[in-house]
Amino acid sequence: FVLSFVGAITITNVVKTTLGPKGMGKNLHCVSEHDQSISVTNDGATILQSILLDNAAVKVLVDIAKVQDDEVGD
């Protein structure tokens, strides 16, 4: 239970700095054998989708962000 809570807080801290009119962009580094790209975004759903997750509670938060992005676009 505690790990789920800590994971949720960590994800919140990563995304909350992207919110609002003074939201900061995040550098996303994609490092794989075929793709070594760098992109900058302040879209929370994009950031959450790019993080590898193994925490069930955090996966639910990412799914919620994805659904909101699909429905509303923000």
# chains A, B, ... in the order shown; residues from 1 in each chain; ligands from 1
$ residues_around --residues "range 23-36 of chain A" --least-positions-apart "5" --cutoff "10 Å" --atoms "only C-alpha atoms" --output "list in words"
Val14, Val15, Lys16, Thr17, Thr18, Thr41, Asn42, Asp43, Gly44, Thr46, Ile47, Ser50 and Ile51 of chain A
$ select_by_dssp --residues "chain A" --states "strand (DSSP E or B)" --output "PyMOL selection string"
chain A and resi 26-29+38-41
$ select_by_dssp --residues "chain A" --states "helix (DSSP H, G or I)" --output "JSON, numbers by chain"
{"A": [2, 3, 4, 5, 6, 7, 8, 9, 10, 11, 12, 13, 14, 15, 16, 44, 45, 46, 47, 48, 49, 50, 56, 57, 58, 59, 60, 61, 62, 63, 64, 65, 66, 67, 68, 69, 70, 71, 72]}
$ write_last_selection --atoms "C-alpha atoms" --output "PDB file, in the first residue's frame"
ATOM      1  CA  VAL A   2       2.752   2.448   0.929  1.00  0.00           C
ATOM      2  CA  LEU A   3       4.602   1.878  -2.362  1.00  0.00           C
ATOM      3  CA  SER A   4       1.449   2.711  -4.316  1.00  0.00           C
ATOM      4  CA  PHE A   5       1.108   5.937  -2.380  1.00  0.00           C
ATOM      5  CA  VAL A   6       4.765   6.879  -2.885  1.00  0.00           C
ATOM      6  CA  GLY A   7       4.518   6.090  -6.611  1.00  0.00           C
ATOM      7  CA  ALA A   8       1.445   8.293  -7.000  1.00  0.00           C
ATOM      8  CA  ILE A   9       3.144  11.181  -5.194  1.00  0.00           C
ATOM      9  CA  THR A  10       6.264  10.817  -7.349  1.00  0.00           C
ATOM     10  CA  ILE A  11       4.277  10.913 -10.589  1.00  0.00           C
ATOM     11  CA  THR A  12       2.350  13.925  -9.303  1.00  0.00           C
ATOM     12  CA  ASN A  13       5.606  15.753  -8.572  1.00  0.00           C
ATOM     13  CA  VAL A  14       6.894  15.034 -12.078  1.00  0.00           C
ATOM     14  CA  VAL A  15       3.780  16.349 -13.811  1.00  0.00           C
ATOM     15  CA  LYS A  16       2.741  19.255 -11.579  1.00  0.00           C
ATOM     16  CA  GLY A  44       1.431  15.614 -18.866  1.00  0.00           C
ATOM     17  CA  ALA A  45      -0.171  12.706 -20.736  1.00  0.00           C
ATOM     18  CA  THR A  46       2.818  12.455 -23.086  1.00  0.00           C
ATOM     19  CA  ILE A  47       5.232  12.506 -20.175  1.00  0.00           C
ATOM     20  CA  LEU A  48       3.305   9.828 -18.292  1.00  0.00           C
ATOM     21  CA  GLN A  49       3.068   7.579 -21.337  1.00  0.00           C
ATOM     22  CA  SER A  50       6.831   7.716 -21.825  1.00  0.00           C
ATOM     23  CA  ALA A  56      -0.486  -0.534 -10.286  1.00  0.00           C
ATOM     24  CA  ALA A  57      -1.725   2.703  -8.697  1.00  0.00           C
ATOM     25  CA  VAL A  58       0.452   4.813 -10.974  1.00  0.00           C
ATOM     26  CA  LYS A  59      -0.727   2.857 -14.026  1.00  0.00           C
ATOM     27  CA  VAL A  60      -4.306   3.828 -13.107  1.00  0.00           C
ATOM     28  CA  LEU A  61      -3.290   7.508 -12.958  1.00  0.00           C
ATOM     29  CA  VAL A  62      -1.609   7.225 -16.360  1.00  0.00           C
ATOM     30  CA  ASP A  63      -4.734   5.583 -17.815  1.00  0.00           C
ATOM     31  CA  ILE A  64      -6.890   8.390 -16.413  1.00  0.00           C
ATOM     32  CA  ALA A  65      -4.593  11.002 -17.981  1.00  0.00           C
ATOM     33  CA  LYS A  66      -4.730   9.193 -21.323  1.00  0.00           C
ATOM     34  CA  VAL A  67      -8.532   9.028 -21.297  1.00  0.00           C
ATOM     35  CA  GLN A  68      -8.778  12.714 -20.401  1.00  0.00           C
ATOM     36  CA  ASP A  69      -6.350  13.604 -23.190  1.00  0.00           C
ATOM     37  CA  ASP A  70      -8.358  11.523 -25.676  1.00  0.00           C
ATOM     38  CA  GLU A  71     -11.706  13.023 -24.613  1.00  0.00           C
ATOM     39  CA  VAL A  72     -10.824  16.655 -24.000  1.00  0.00           C
TER      40      VAL A  72
END
